[in-house]
>>> print(open('target_37.txt').read())   # compact mmCIF, C-alpha atoms and all ligand atoms
# COMPACT_ATOMS: atom_id res chain seq x y z
CA MET Z 1 -47.81 35.22 9.02
CA THR Z 2 -47.66 34.38 12.72
CA ARG Z 3 -50.92 33.88 14.54
CA LEU Z 4 -51.67 34.06 18.21
CA ILE Z 5 -53.76 31.43 19.87
CA HIS Z 6 -54.42 30.35 23.39
CA ALA Z 7 -52.07 27.82 24.84
CA MET Z 8 -51.27 26.35 28.18
CA HIS Z 9 -48.53 26.98 30.71
CA THR Z 10 -48.69 23.74 32.64
CA THR Z 11 -45.47 22.14 33.76
CA ASP Z 12 -46.94 18.78 34.72
CA ILE Z 13 -49.04 16.42 32.65
CA PHE Z 14 -52.32 17.29 34.33
CA THR Z 15 -54.76 20.09 33.67
CA THR Z 16 -54.68 22.63 36.49
CA PRO Z 17 -56.97 25.59 37.21
CA GLU Z 18 -54.24 27.70 35.56
CA ASP Z 19 -55.03 25.91 32.29
CA LEU Z 20 -58.45 27.46 32.29
CA ALA Z 21 -56.88 30.90 32.00
CA PRO Z 22 -54.86 30.42 28.84
CA THR Z 23 -52.47 33.05 27.54
CA PRO Z 24 -51.79 33.68 23.86
CA ILE Z 25 -48.78 32.07 22.17
CA GLU Z 26 -47.50 32.16 18.63
CA LEU Z 27 -48.25 29.29 16.29
CA PRO Z 28 -45.47 28.13 14.00
CA ALA Z 29 -45.82 28.65 10.25
CA GLY Z 30 -47.98 25.98 8.67
CA THR Z 31 -49.98 25.30 11.84
CA HIS Z 32 -53.57 26.50 11.67
CA TYR Z 33 -55.94 26.62 14.63
CA LEU Z 34 -59.67 27.07 14.02
CA LYS Z 35 -61.43 27.68 17.31
CA GLY Z 36 -64.86 25.98 17.48
CA PHE Z 37 -65.03 25.65 13.70
CA ALA Z 38 -66.61 22.18 13.79
CA CYS Z 39 -69.25 23.00 16.44
CA GLN Z 40 -71.98 23.55 13.87
CA TYR Z 41 -71.18 20.12 12.34
CA ALA Z 42 -70.91 18.26 15.64
CA ALA Z 43 -74.32 16.57 15.74
CA GLU Z 44 -73.95 15.31 12.18
CA LEU Z 45 -70.36 14.21 12.78
CA ASN Z 46 -71.36 12.38 15.92
CA ALA Z 47 -74.18 10.51 14.18
CA ALA Z 48 -71.80 9.51 11.37
CA ILE Z 49 -69.20 8.32 13.91
CA GLN Z 50 -71.81 6.14 15.65
CA HIS Z 51 -72.71 4.60 12.31
CA ILE Z 52 -69.05 3.94 11.40
CA ALA Z 53 -68.40 2.43 14.83
CA THR Z 54 -71.33 0.05 14.43
CA TYR Z 55 -69.78 -1.24 11.22
CA SER Z 56 -66.09 -1.10 12.27
CA PRO Z 57 -66.06 -0.98 16.08
CA PHE Z 58 -63.54 1.03 18.08
CA ARG Z 59 -60.70 -1.27 19.13
CA GLN Z 60 -57.48 -1.04 21.11
CA VAL Z 61 -54.47 -1.70 18.91
CA MET Z 62 -50.94 -2.85 19.69
CA THR Z 63 -47.84 -0.90 18.80
CA PRO Z 64 -45.14 -2.87 16.93
CA SER Z 65 -43.27 -3.16 20.26
CA GLY Z 66 -46.28 -4.97 21.76
CA LYS Z 67 -47.73 -2.16 23.90
CA LYS Z 68 -51.50 -1.54 23.88
CA MET Z 69 -52.40 2.00 22.86
CA SER Z 70 -54.66 3.69 25.41
CA VAL Z 71 -57.00 5.16 22.79
CA THR Z 72 -59.43 3.01 20.86
CA MET Z 73 -59.68 3.63 17.14
CA THR Z 74 -61.55 2.93 13.96
CA ASN Z 75 -61.42 4.33 10.42
CA CYS Z 76 -63.40 5.27 7.39
CA GLY Z 77 -62.30 6.07 3.85
CA THR Z 78 -60.42 4.08 1.24
CA TYR Z 79 -57.59 3.50 3.70
CA GLY Z 80 -57.56 2.90 7.43
CA TRP Z 81 -54.53 3.36 9.67
CA ILE Z 82 -53.67 0.16 11.50
CA SER Z 83 -50.97 -0.99 13.89
CA ASP Z 84 -49.87 -4.42 15.03
CA ARG Z 85 -46.66 -6.31 15.63
CA TYR Z 86 -45.85 -6.00 11.93
CA GLY Z 87 -45.79 -2.21 12.10
CA TYR Z 88 -47.77 0.95 11.43
CA ARG Z 89 -49.43 1.14 8.02
CA TYR Z 90 -52.56 1.81 6.01
CA SER Z 91 -54.89 -0.95 4.88
CA THR Z 92 -57.92 -0.90 2.62
CA LEU Z 93 -59.45 -3.66 4.79
CA ASP Z 94 -60.51 -3.61 8.41
CA PRO Z 95 -58.37 -6.34 10.02
CA LEU Z 96 -61.28 -7.30 12.32
CA SER Z 97 -63.88 -7.91 9.62
CA HIS Z 98 -61.66 -8.26 6.52
CA GLN Z 99 -64.16 -5.90 4.84
CA HIS Z 100 -63.46 -2.50 3.31
CA TRP Z 101 -63.85 0.48 5.63
CA LEU Z 102 -67.00 2.55 5.12
CA ALA Z 103 -66.69 5.50 2.74
CA LEU Z 104 -66.10 8.97 4.16
CA PRO Z 105 -69.50 10.49 5.02
CA SER Z 106 -70.30 13.66 3.07
CA CYS Z 107 -70.36 15.77 6.26
CA PHE Z 108 -66.69 14.80 6.89
CA ILE Z 109 -65.67 15.92 3.41
CA GLU Z 110 -67.69 19.14 3.69
CA LEU Z 111 -66.03 20.02 6.97
CA VAL Z 112 -62.50 19.41 5.65
CA ASN Z 113 -63.22 21.49 2.55
CA ALA Z 114 -64.71 24.31 4.63
CA ALA Z 115 -61.74 24.34 7.04
CA LEU Z 116 -59.14 24.32 4.24
CA SER Z 117 -60.96 27.09 2.35
CA HIS Z 118 -61.28 29.16 5.50
CA GLU Z 119 -57.49 29.01 5.90
CA HIS Z 120 -56.88 29.66 2.16
CA LEU Z 121 -55.22 26.26 1.84
CA PRO Z 122 -55.54 24.20 -1.36
CA ASN Z 123 -58.47 21.84 -1.20
CA TYR Z 124 -57.98 18.09 -1.35
CA LEU Z 125 -60.14 15.02 -1.02
CA PRO Z 126 -59.00 12.96 1.97
CA ASP Z 127 -58.84 9.20 1.38
CA ALA Z 128 -58.51 8.27 5.06
CA CYS Z 129 -60.01 9.33 8.36
CA LEU Z 130 -58.62 7.86 11.56
CA ILE Z 131 -61.11 8.17 14.41
CA ASN Z 132 -59.56 8.10 17.88
CA ASN Z 133 -61.69 7.65 20.97
CA TYR Z 134 -60.13 8.84 24.25
CA SER Z 135 -61.63 7.81 27.58
CA VAL Z 136 -60.47 9.62 30.69
CA GLY Z 137 -56.73 8.91 31.14
CA ALA Z 138 -56.12 7.96 27.49
CA LYS Z 139 -53.26 9.75 25.75
CA MET Z 140 -51.19 9.68 22.60
CA GLY Z 141 -47.41 9.81 22.66
CA LEU Z 142 -45.38 12.23 20.54
CA HIS Z 143 -45.22 11.01 16.96
CA GLN Z 144 -45.09 12.19 13.35
CA ASP Z 145 -47.77 11.32 10.77
CA LYS Z 146 -45.50 9.99 8.06
CA ASP Z 147 -47.08 6.79 6.74
CA GLU Z 148 -48.59 8.81 3.86
CA LYS Z 149 -46.94 9.06 0.43
CA ASN Z 150 -47.08 12.81 -0.17
CA PHE Z 151 -46.58 15.30 2.64
CA THR Z 152 -47.87 18.27 0.64
CA TYR Z 153 -51.40 17.36 1.74
CA PRO Z 154 -52.12 18.75 5.20
CA ILE Z 155 -53.43 16.75 8.15
CA VAL Z 156 -56.77 18.12 9.32
CA SER Z 157 -57.54 17.21 12.93
CA VAL Z 158 -60.98 17.76 14.52
CA SER Z 159 -61.67 17.55 18.26
CA LEU Z 160 -65.02 16.68 19.81
CA GLY Z 161 -66.10 16.16 23.42
CA LEU Z 162 -63.80 16.51 26.42
CA PRO Z 163 -60.93 18.99 26.19
CA ALA Z 164 -57.35 17.88 25.62
CA LEU Z 165 -53.91 19.35 25.91
CA PHE Z 166 -52.35 18.89 22.48
CA LEU Z 167 -48.58 18.74 22.29
CA LEU Z 168 -47.08 20.42 19.26
CA GLY Z 169 -43.40 19.71 18.94
CA GLY Z 170 -40.77 20.34 16.30
CA LEU Z 171 -39.47 18.36 13.36
CA THR Z 172 -37.29 16.34 15.71
CA ARG Z 173 -38.39 14.60 18.89
CA ASN Z 174 -36.05 16.55 21.17
CA ILE Z 175 -37.83 19.94 20.81
CA THR Z 176 -39.97 20.82 23.84
CA PRO Z 177 -43.58 20.81 22.60
CA ARG Z 178 -46.01 23.69 22.99
CA ARG Z 179 -49.24 22.79 24.79
CA ILE Z 180 -52.43 23.84 23.08
CA LEU Z 181 -55.87 23.45 24.63
CA LEU Z 182 -58.20 21.71 22.18
CA GLN Z 183 -61.89 21.92 22.99
CA HIS Z 184 -65.08 20.65 21.41
CA GLY Z 185 -65.22 21.79 17.78
CA ASP Z 186 -61.62 22.99 17.53
CA ILE Z 187 -59.59 22.12 14.43
CA ILE Z 188 -55.82 21.98 14.05
CA ILE Z 189 -54.30 21.77 10.58
CA LEU Z 190 -50.68 20.73 10.14
CA ALA Z 191 -49.63 21.97 6.72
CA ALA Z 192 -46.48 22.87 4.78
CA SER Z 193 -43.49 23.26 7.14
CA SER Z 194 -45.61 22.01 10.08
CA ARG Z 195 -46.86 18.88 8.30
CA LEU Z 196 -44.25 16.63 9.91
CA ARG Z 197 -44.14 18.20 13.34
CA PHE Z 198 -44.15 15.75 16.24
CA HIS Z 199 -47.45 15.93 18.10
CA GLY Z 200 -49.35 14.06 20.79
CA VAL Z 201 -52.03 14.37 23.46
CA LEU Z 202 -51.65 14.46 27.26
CA PRO Z 203 -53.90 12.18 29.36
CA ILE Z 204 -57.55 13.27 29.16
CA GLN Z 205 -58.81 14.63 32.46
CA PRO Z 206 -62.12 13.57 34.04
CA GLY Z 207 -65.06 15.65 32.86
CA TYR Z 208 -68.43 15.56 31.21
CA HIS Z 209 -69.41 16.90 27.83
CA PRO Z 210 -73.14 17.34 27.13
CA GLU Z 211 -72.90 15.75 23.65
CA LEU Z 212 -70.13 13.15 24.07
CA GLN Z 213 -70.27 12.54 27.84
CA ALA Z 214 -66.95 11.32 29.33
CA GLN Z 215 -65.00 10.93 26.11
CA ARG Z 216 -63.02 12.81 23.53
CA ILE Z 217 -63.20 11.93 19.85
CA ASN Z 218 -60.60 13.06 17.37
CA LEU Z 219 -60.90 12.77 13.61
CA THR Z 220 -57.72 13.09 11.55
CA PHE Z 221 -58.11 13.45 7.83
CA ARG Z 222 -55.25 12.38 5.61
CA LYS Z 223 -54.39 11.77 1.99
CA VAL Z 224 -52.55 8.48 1.88
CA THR Z 225 -51.81 8.04 -1.83
O1 LIG Z 301 -56.13 13.28 19.16
C1 LIG Z 301 -55.47 14.16 18.64
O2 LIG Z 301 -55.71 15.36 18.79
C2 LIG Z 301 -54.27 13.80 17.80
C3 LIG Z 301 -54.40 12.49 17.09
C4 LIG Z 301 -53.16 12.13 16.35
O3 LIG Z 301 -52.13 12.68 16.59
C5 LIG Z 301 -53.17 11.10 15.33
O4 LIG Z 301 -54.20 10.44 15.14
O5 LIG Z 301 -52.13 10.93 14.67
>>> encode(input="target_37.txt", output="structure tokens", more="lines below")
Ligand SMILES: O=C(O)CCC(=O)C(=O)O
Amino acid sequence: MTRLIHAMHTTDIFTTPEDLAPTPIELPAGTHYLKGFACQYAAELNAAIQHIATYSPFRQVMTPSGKKMSVTMTNCGTYGWISDRYGYRYSTLDPLSHQHWLALPSCFIELVNAALSHEHLPNYLPDACLINNYSVGAKMGLHQDKDEKNFTYPIVSVSLGLPALFLLGGLTRNITPRRILLQHGDIIILAASSRLRFHGVLPIQPGYHPELQAQRINLTFRKVT
């Protein structure tokens, strides 16, 4: 089934007034877009994120090539995604504290289950949640999520705070990505034939969100093992 959602027609990397008048585009099979689905959970999610960040603070990590990523990140769950000069990988321990990451809060699990059920996708219990914090100007380059063992489990990605232009590419890096506007409460699920699509985020534009102020938070839920 193809589904129409609102996407962007920008040709440069910045949000223009044109972006605020999105036109519908088709989503590829396996990509699910749930507009505003997480809004009703936002206050609870935000409180849980604050708690996690007190225990395992947001930090800027290095890519294996030695570049600092512009987002700051932390994790919860059995596994946390980490990056340093030794590579990208999952670890059961926070490299800053050498302690286990905090368990996934129940509101995170509830939201993932609700989103998967809504889309008639098989339920699963995530064992990792990467929490990305984007300040204005932060971005994420095109990449695949492929450090997990089994790609049959979808990636569930939740956006909070400032809007972002999400890049959804193909299964190879050379396919021109679609641009999808992600706003507070929106969820994207990459499942089945979309699970390994390249994706990324264009630089966050200045703005103010009443609940998260000048930042965007993204939660990505994964099953690592
Ligand atoms: O911030 C986003 O919307 C995407 C995050 C992402 O691609 C990732 O964490 O792998």
>>> closest_atom_pairs(input="target_37.txt", of="chain Z", to="ligand LIG 301 (chain Z)", cutoff="10 Å", atoms="only C-alpha atoms and all ligand atoms", output="CSV")
residue,atom,partner,partner_atom,distance
Z:Val71,CA,Z:LIG301,O1,8.9
Z:Met73,CA,Z:LIG301,O4,9.0
Z:Trp81,CA,Z:LIG301,O4,9.0
Z:Cys129,CA,Z:LIG301,O4,9.0
Z:Leu130,CA,Z:LIG301,O4,6.2
Z:Ile131,CA,Z:LIG301,O4,7.3
Z:Asn132,CA,Z:LIG301,O1,6.3
Z:Asn133,CA,Z:LIG301,O1,8.1
Z:Tyr134,CA,Z:LIG301,O1,7.8
Z:Ala138,CA,Z:LIG301,O1,9.9
Z:Lys139,CA,Z:LIG301,O1,8.0
Z:Met140,CA,Z:LIG301,O3,6.8
Z:Gly141,CA,Z:LIG301,O3,8.2
Z:Leu142,CA,Z:LIG301,O3,7.8
Z:His143,CA,Z:LIG301,O3,7.1
Z:Gln144,CA,Z:LIG301,O5,7.3
Z:Asp145,CA,Z:LIG301,O5,5.9
Z:Lys146,CA,Z:LIG301,O5,9.4
Z:Ile155,CA,Z:LIG301,O5,8.8
Z:Val156,CA,Z:LIG301,C2,9.8
Z:Ser157,CA,Z:LIG301,O2,6.4
Z:Val158,CA,Z:LIG301,O2,7.2
Z:Ser159,CA,Z:LIG301,O2,6.4
Z:Leu160,CA,Z:LIG301,O2,9.5
Z:Pro163,CA,Z:LIG301,O2,9.8
Z:Ala164,CA,Z:LIG301,O2,7.5
Z:Leu165,CA,Z:LIG301,O2,8.4
Z:Phe166,CA,Z:LIG301,O2,6.1
Z:Leu167,CA,Z:LIG301,O2,8.6
Z:Leu168,CA,Z:LIG301,O3,9.6
Z:Leu181,CA,Z:LIG301,O2,10.0
Z:Leu182,CA,Z:LIG301,O2,7.6
Z:Gln183,CA,Z:LIG301,O2,9.9
Z:Asp186,CA,Z:LIG301,O2,9.7
Z:Ile187,CA,Z:LIG301,O2,8.9
Z:Ile188,CA,Z:LIG301,O2,8.1
Z:Phe198,CA,Z:LIG301,O3,8.6
Z:His199,CA,Z:LIG301,O3,5.9
Z:Gly200,CA,Z:LIG301,O3,5.2
Z:Val201,CA,Z:LIG301,C1,5.9
Z:Leu202,CA,Z:LIG301,O1,9.3
Z:Arg216,CA,Z:LIG301,O1,8.2
Z:Ile217,CA,Z:LIG301,O1,7.2
Z:Asn218,CA,Z:LIG301,O1,4.8
Z:Leu219,CA,Z:LIG301,O4,7.3
Z:Thr220,CA,Z:LIG301,O4,5.7
Z:Phe221,CA,Z:LIG301,O4,8.8
Z:Arg222,CA,Z:LIG301,O5,9.7
>>> write_last_selection(input="target_37.txt", atoms="C-alpha atoms", output="PDB file, keeping the file's coordinate frame")
ATOM      1  CA  VAL Z  71     -57.000   5.160  22.790  1.00  0.00           C
ATOM      2  CA  MET Z  73     -59.680   3.630  17.140  1.00  0.00           C
ATOM      3  CA  TRP Z  81     -54.530   3.360   9.670  1.00  0.00           C
ATOM      4  CA  CYS Z 129     -60.010   9.330   8.360  1.00  0.00           C
ATOM      5  CA  LEU Z 130     -58.620   7.860  11.560  1.00  0.00           C
ATOM      6  CA  ILE Z 131     -61.110   8.170  14.410  1.00  0.00           C
ATOM      7  CA  ASN Z 132     -59.560   8.100  17.880  1.00  0.00           C
ATOM      8  CA  ASN Z 133     -61.690   7.650  20.970  1.00  0.00           C
ATOM      9  CA  TYR Z 134     -60.130   8.840  24.250  1.00  0.00           C
ATOM     10  CA  ALA Z 138     -56.120   7.960  27.490  1.00  0.00           C
ATOM     11  CA  LYS Z 139     -53.260   9.750  25.750  1.00  0.00           C
ATOM     12  CA  MET Z 140     -51.190   9.680  22.600  1.00  0.00           C
ATOM     13  CA  GLY Z 141     -47.410   9.810  22.660  1.00  0.00           C
ATOM     14  CA  LEU Z 142     -45.380  12.230  20.540  1.00  0.00           C
ATOM     15  CA  HIS Z 143     -45.220  11.010  16.960  1.00  0.00           C
ATOM     16  CA  GLN Z 144     -45.090  12.190  13.350  1.00  0.00           C
ATOM     17  CA  ASP Z 145     -47.770  11.320  10.770  1.00  0.00           C
ATOM     18  CA  LYS Z 146     -45.500   9.990   8.060  1.00  0.00           C
ATOM     19  CA  ILE Z 155     -53.430  16.750   8.150  1.00  0.00           C
ATOM     20  CA  VAL Z 156     -56.770  18.120   9.320  1.00  0.00           C
ATOM     21  CA  SER Z 157     -57.540  17.210  12.930  1.00  0.00           C
ATOM     22  CA  VAL Z 158     -60.980  17.760  14.520  1.00  0.00           C
ATOM     23  CA  SER Z 159     -61.670  17.550  18.260  1.00  0.00           C
ATOM     24  CA  LEU Z 160     -65.020  16.680  19.810  1.00  0.00           C
ATOM     25  CA  PRO Z 163     -60.930  18.990  26.190  1.00  0.00           C
ATOM     26  CA  ALA Z 164     -57.350  17.880  25.620  1.00  0.00           C
ATOM     27  CA  LEU Z 165     -53.910  19.350  25.910  1.00  0.00           C
ATOM     28  CA  PHE Z 166     -52.350  18.890  22.480  1.00  0.00           C
ATOM     29  CA  LEU Z 167     -48.580  18.740  22.290  1.00  0.00           C
ATOM     30  CA  LEU Z 168     -47.080  20.420  19.260  1.00  0.00           C
ATOM     31  CA  LEU Z 181     -55.870  23.450  24.630  1.00  0.00           C
ATOM     32  CA  LEU Z 182     -58.200  21.710  22.180  1.00  0.00           C
ATOM     33  CA  GLN Z 183     -61.890  21.920  22.990  1.00  0.00           C
ATOM     34  CA  ASP Z 186     -61.620  22.990  17.530  1.00  0.00           C
ATOM     35  CA  ILE Z 187     -59.590  22.120  14.430  1.00  0.00           C
ATOM     36  CA  ILE Z 188     -55.820  21.980  14.050  1.00  0.00           C
ATOM     37  CA  PHE Z 198     -44.150  15.750  16.240  1.00  0.00           C
ATOM     38  CA  HIS Z 199     -47.450  15.930  18.100  1.00  0.00           C
ATOM     39  CA  GLY Z 200     -49.350  14.060  20.790  1.00  0.00           C
ATOM     40  CA  VAL Z 201     -52.030  14.370  23.460  1.00  0.00           C
ATOM     41  CA  LEU Z 202     -51.650  14.460  27.260  1.00  0.00           C
ATOM     42  CA  ARG Z 216     -63.020  12.810  23.530  1.00  0.00           C
ATOM     43  CA  ILE Z 217     -63.200  11.930  19.850  1.00  0.00           C
ATOM     44  CA  ASN Z 218     -60.600  13.060  17.370  1.00  0.00           C
ATOM     45  CA  LEU Z 219     -60.900  12.770  13.610  1.00  0.00           C
ATOM     46  CA  THR Z 220     -57.720  13.090  11.550  1.00  0.00           C
ATOM     47  CA  PHE Z 221     -58.110  13.450   7.830  1.00  0.00           C
ATOM     48  CA  ARG Z 222     -55.250  12.380   5.610  1.00  0.00           C
TER      49      ARG Z 222
END
>>> closest_residue(input="target_37.txt", among="Z:Leu162, Z:Ala214, Z:Ala43, Z:Ile189", to="Z:Leu116", atoms="only C-alpha atoms")
Z:Ile189
>>> atom_distance(input="target_37.txt", atom1="atom CA of Z:Thr72", atom2="atom CA of Z:Asn113")
26.3 Å
>>> residues_around(input="target_37.txt", residues="Z:Gly66", least_positions_apart="4", cutoff="8 Å", atoms="all atoms listed in the file", output="ChimeraX atom specification")
/Z:62,84-85
>>> closest_residue(input="target_37.txt", among="Z:Glu119, Z:Asp127, Z:Glu110, Z:Glu148", to="Z:Leu45", atoms="all atoms listed in the file")
Z:Glu110
>>> atom_distance(input="target_37.txt", atom1="atom CA of Z:Arg89", atom2="atom CA of Z:Thr172")
20.9 Å
>>> closest_residue(input="target_37.txt", among="Z:Ala29, Z:Ala47, Z:Val112, Z:Leu34", to="Z:Lys223", atoms="all atoms listed in the file")
Z:Val112
>>> atom_distance(input="target_37.txt", atom1="atom CA of Z:Ala114", atom2="atom CA of Z:Lys149")
23.8 Å
>>> residues_near_point(input="target_37.txt", point="(-68.8, 9.0, 2.4)", cutoff="12 Å", atoms="only C-alpha atoms", output="tab-separated table (two decimals) with C-alpha atoms, in the coordinates of the input")
chain	number	residue	atom	x	y	z
Z	45	LEU	CA	-70.36	14.21	12.78
Z	48	ALA	CA	-71.80	9.51	11.37
Z	49	ILE	CA	-69.20	8.32	13.91
Z	51	HIS	CA	-72.71	4.60	12.31
Z	52	ILE	CA	-69.05	3.94	11.40
Z	75	ASN	CA	-61.42	4.33	10.42
Z	76	CYS	CA	-63.40	5.27	7.39
Z	77	GLY	CA	-62.30	6.07	3.85
Z	78	THR	CA	-60.42	4.08	1.24
Z	101	TRP	CA	-63.85	0.48	5.63
Z	102	LEU	CA	-67.00	2.55	5.12
Z	103	ALA	CA	-66.69	5.50	2.74
Z	104	LEU	CA	-66.10	8.97	4.16
Z	105	PRO	CA	-69.50	10.49	5.02
Z	106	SER	CA	-70.30	13.66	3.07
Z	107	CYS	CA	-70.36	15.77	6.26
Z	108	PHE	CA	-66.69	14.80	6.89
Z	109	ILE	CA	-65.67	15.92	3.41
Z	110	GLU	CA	-67.69	19.14	3.69
Z	125	LEU	CA	-60.14	15.02	-1.02
Z	126	PRO	CA	-59.00	12.96	1.97
Z	127	ASP	CA	-58.84	9.20	1.38
Z	128	ALA	CA	-58.51	8.27	5.06
Z	129	CYS	CA	-60.01	9.33	8.36
>>> residues_around(input="target_37.txt", residues="Z:Leu96", least_positions_apart="6", cutoff="12 Å", atoms="only C-alpha atoms", output="list in words")
Tyr55, Ser56, Pro57, Phe58, Arg59, Gln60, Val61, Thr74, Asn75, Gly80 and Ile82 of chain Z
>>> decode(input="target_37.txt", residues="stretch 169-196 of chain Z", atoms="C-alpha atoms", output="PDB file, in the first residue's frame")
ATOM      1  CA  GLY Z 169      17.173   7.902   0.923  1.00  0.00           C
ATOM      2  CA  GLY Z 170      17.404   4.531  -0.746  1.00  0.00           C
ATOM      3  CA  LEU Z 171      19.257   1.333   0.023  1.00  0.00           C
ATOM      4  CA  THR Z 172      22.401   2.807  -1.493  1.00  0.00           C
ATOM      5  CA  ARG Z 173      23.923   6.179  -0.696  1.00  0.00           C
ATOM      6  CA  ASN Z 174      23.661   7.523  -4.244  1.00  0.00           C
ATOM      7  CA  ILE Z 175      19.820   7.768  -4.323  1.00  0.00           C
ATOM      8  CA  THR Z 176      18.561  11.346  -3.893  1.00  0.00           C
ATOM      9  CA  PRO Z 177      16.713  11.411  -0.554  1.00  0.00           C
ATOM     10  CA  ARG Z 178      13.147  12.588  -0.071  1.00  0.00           C
ATOM     11  CA  ARG Z 179      12.745  15.379   2.481  1.00  0.00           C
ATOM     12  CA  ILE Z 180      10.091  14.849   5.101  1.00  0.00           C
ATOM     13  CA  LEU Z 181       9.109  17.475   7.650  1.00  0.00           C
ATOM     14  CA  LEU Z 182       9.174  15.975  11.145  1.00  0.00           C
ATOM     15  CA  GLN Z 183       7.433  17.987  13.831  1.00  0.00           C
ATOM     16  CA  HIS Z 184       6.827  17.593  17.543  1.00  0.00           C
ATOM     17  CA  GLY Z 185       5.179  14.222  18.196  1.00  0.00           C
ATOM     18  CA  ASP Z 186       5.745  12.756  14.726  1.00  0.00           C
ATOM     19  CA  ILE Z 187       6.936   9.159  14.409  1.00  0.00           C
ATOM     20  CA  ILE Z 188       8.714   7.518  11.491  1.00  0.00           C
ATOM     21  CA  ILE Z 189       9.035   3.743  11.387  1.00  0.00           C
ATOM     22  CA  LEU Z 190      11.538   2.103   9.050  1.00  0.00           C
ATOM     23  CA  ALA Z 191      10.383  -1.478   8.608  1.00  0.00           C
ATOM     24  CA  ALA Z 192      10.728  -4.376   6.163  1.00  0.00           C
ATOM     25  CA  SER Z 193      12.132  -3.174   2.812  1.00  0.00           C
ATOM     26  CA  SER Z 194      12.728   0.312   4.280  1.00  0.00           C
ATOM     27  CA  ARG Z 195      14.601  -0.921   7.355  1.00  0.00           C
ATOM     28  CA  LEU Z 196      18.026  -0.287   5.820  1.00  0.00           C
TER      29      LEU Z 196
END
